[in-house]
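Chemist: Before anything else, here's the structure in question.
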Amino acid sequence: MITASIELRQVEVVFPVYNAASLSLKNRLLSAVTGGKIDRQHDGAIIVKGLQDINIMINPGERVGLLGHNGAGKTTLLRVLSGIYQPTQGTAQINGECVSLINIGLGIDPEATGRENILLRGVMMGMRPSAIKAMSEEIIDFTGLGDFIDLPFRTYSTGMQLRLAFAVSTAVRPQILVMDEWLSTGDEEFKERADRRMTDVVSAAEILILASHSRELLLNNCNRLIWLEHGKIRMDGKPEEVLKQYFGH
Amino acid sequence: MNDFSLVNTSQARADILSALKNYYLFITLGWQDVATRYRRSRVGAFWLTINMLVMISVLGVVFGTLFRAPVAEFLPSLTIGIIVWGLISGLINEGCGSFITAQETILQVRMPLATHILRVVWRNMIITAHNLLILPIVFLIFMKPVNYLALLSLLGLTLLIINMVWMMLILAVICTRFRDFTQIAQNAMQVLFYATPIIWHAEMLPGRYAQDLLNINPFYHLLNIVREPLLGSMPTTVNWVVSIVMAIIGWVFALAFFNRFRKRVPYWL
């Protein structure tokens, strides 16, 4: 197995923001016929620079925290780092299996039973069905759902739904783990177990990427912080230093 | 960024190969789509089969009478035609939205884009398998014999799917960028239903001119290579040649196209 590493070089991400008019082929054709006169007003395919001049090298063992105000480009960078957005300029090299725990409910079908959802969610996380079957008892145990596991997911209480999604999502041990804020869930008793499991997953990952607004969380989990501002890296360094600047300014 | 190239299509091929290698992904998701229908009603995907059965009966009576066609000849041919067309139009119509409906997944999980196309293919193949149950019923009612040639229709079906997938790859990309293209494609399929010999026979066409016109309809050939062997006759050489050549040219173009625009798809969602 290759060791995980991420290298972004001169990455730039440019977003086309399409409105209804520019998403329409009819309008495109019409504007071609009319010489683009109508086009100018309606088809404002605005281009937004999501990220600019991003150079990051992440090695195994690094726990990288991302911080920045809303709209600074955190989500975009998370997507580039997990290989979803391929940069419009520059190169992004991502080596290693990457799992994102941004929306742990992704892939869950409310009509399906808990057991079936373990399979569905597991496949989404990149596990093979055989591997999921082998793990499913352990997952069910962790959720504490008991016989409820064979009932449709929609019959669960919100707390139970969260437990199941959480248990499956944290069953894999990816090389690169991408998170947007910490996952925590449920009542006191479960919360404690969940935090322990979460810590296990995080420490098993070779690379952690965590976007957060919480100072405490970033200090406890990261050994490097990247501060984004207007799609550029404002600061990249030791957590204490970056946090001092970020919260001080 | 790479430009349009017919030769260098390594990224598109890597995407598709990876989707095939991780076959369990599209198979699990495709099954899931069908299973959902069963969860909401006990009849499940057979609802579509029932619809199709009704449609075949009505079309059979109306057009059988209108064309004064012998029912024993007309109905088996109509049945296969409708079932195969159900597959074709299902693949095109749902293929258009492959990426749009998988939006959340695409923006969060790194998986080959082709997986979302193959999921639609797999789902539609399962549904078609349901519809195929109509076939033996119709054949039994009219005591229509089936000979060894019928096996050839499996080859025809494979060739049909191979052709459909390249079309879906292109359409899915275009429809993600231009959302109204889905409607255009759906309208085209509706028109093509009448332009393809499903409720009528190719032999009914008067004169060579009309025959030539029919030959430019790709779905005519794709339908024939599945239907004719089941009816006990060999599809024409033209049918085979067009289907094969179309698959080759189509894939070369689709790979180049997919290679060029694949990266942009997440941005368009």
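Lettering and numbering for the structure tokens are positional, with chains as A, B, ... in the shown order, residues counted from 1 in each chain, and ligands counted from 1 in the shown order.
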Quick one: residues within 12 Å of Trp31 of chain B, only C-alpha atoms, excluding same-chain residues fewer than 4 positions away - as a PyMOL selection string?
Modeler: (chain A and resi 116+119-120) or (chain B and resi 24-27+35-38+45+118-127)
Chemist: Counting only C-alpha atoms, a student should be able to say which residues of chain A come within 9 Å of chain B; what is the right answer, written as a tab-separated table (two decimals) with C-alpha atoms, in the first residue's frame?
Modeler:
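Written file, part-v8.tsv:
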chain	number	residue	atom	x	y	z
A	14	VAL	CA	-12.53	28.98	-10.98
A	15	PHE	CA	-16.24	28.54	-10.58
A	16	PRO	CA	-18.68	29.21	-13.29
A	17	VAL	CA	-21.83	30.32	-11.53
A	18	TYR	CA	-24.64	29.56	-13.90
A	20	ALA	CA	-31.14	29.49	-15.14
A	22	SER	CA	-26.96	30.15	-18.91
A	23	LEU	CA	-27.91	26.61	-17.97
A	24	SER	CA	-30.23	26.63	-20.93
A	25	LEU	CA	-29.10	25.52	-24.34
A	26	LYS	CA	-31.98	27.38	-25.98
A	79	ARG	CA	-13.21	19.09	-2.22
A	82	SER	CA	-10.39	14.87	-1.49
A	83	GLY	CA	-10.06	14.69	-5.26
A	84	ILE	CA	-13.58	15.75	-6.13
A	85	TYR	CA	-12.80	19.05	-7.81
A	86	GLN	CA	-9.92	18.85	-10.20
A	87	PRO	CA	-8.23	22.25	-10.22
A	88	THR	CA	-8.82	24.45	-13.25
A	89	GLN	CA	-5.17	25.52	-13.08
A	90	GLY	CA	-2.22	23.81	-11.47
A	98	CYS	CA	-9.67	9.21	0.98
A	99	VAL	CA	-12.94	9.23	2.87
A	100	SER	CA	-14.92	12.30	3.69
A	101	LEU	CA	-17.15	12.45	6.72
A	102	ILE	CA	-18.93	15.62	5.72
A	103	ASN	CA	-22.44	14.28	5.37
A	106	LEU	CA	-25.18	10.23	2.33
A	107	GLY	CA	-26.43	7.11	0.61
A	109	ASP	CA	-32.36	5.17	2.05
A	111	GLU	CA	-37.25	3.04	3.28
A	112	ALA	CA	-34.55	0.40	3.65
A	119	LEU	CA	-24.49	-2.01	3.16
A	120	LEU	CA	-25.54	1.09	1.22
A	123	VAL	CA	-20.45	0.94	-0.25
A	124	MET	CA	-20.53	4.73	-0.44
A	125	MET	CA	-17.57	4.80	1.91
A	126	GLY	CA	-15.64	2.64	-0.50
A	128	ARG	CA	-16.61	-3.94	-0.57
A	129	PRO	CA	-19.87	-5.73	0.26
Chemist: Leaving out segment 70-72 of chain A and any residue of its chain fewer than 6 positions from it, which residues lie within 7 Å of it when counting only C-alpha atoms, given as an NGL selection string?
Modeler: :A and (228-231)
Chemist: Looking at B:Thr128, B:Gln103, B:Trp200, B:Val165, which one is nearest to Phe67 of chain B, with distances taken over only C-alpha atoms?
Modeler: B:Trp200
Chemist: Any idea what's packed within 12 Å of Phe219 of chain B, counting only C-alpha atoms, ignoring anything in its chain fewer than 3 positions away? Could you give it as an NGL selection string?
Modeler: :B and (81 or 84-85 or 87-89 or 92 or 159-161 or 163-164 or 167 or 188-189 or 191-198 or 214-216 or 222-227 or 239 or 242-243 or 246)
Chemist: Set the distance at 8 Å and use only C-alpha atoms: which residues neighbour Gln93 of chain A once local chain neighbours fewer than 5 positions away are removed? I'd like the list as a short mmCIF file (atom, residue, chain, number, x, y, z; two decimals) with C-alpha atoms, in the first residue's frame.
Modeler:
data_model
loop_
_atom_site.label_atom_id
_atom_site.label_comp_id
_atom_site.auth_asym_id
_atom_site.auth_seq_id
_atom_site.Cartn_x
_atom_site.Cartn_y
_atom_site.Cartn_z
CA SER A 5 0.35 12.22 0.59
CA ILE A 6 -1.22 15.28 -0.92
CA GLU A 7 0.48 17.84 -3.05
CA LEU A 8 -1.20 20.91 -4.48
#
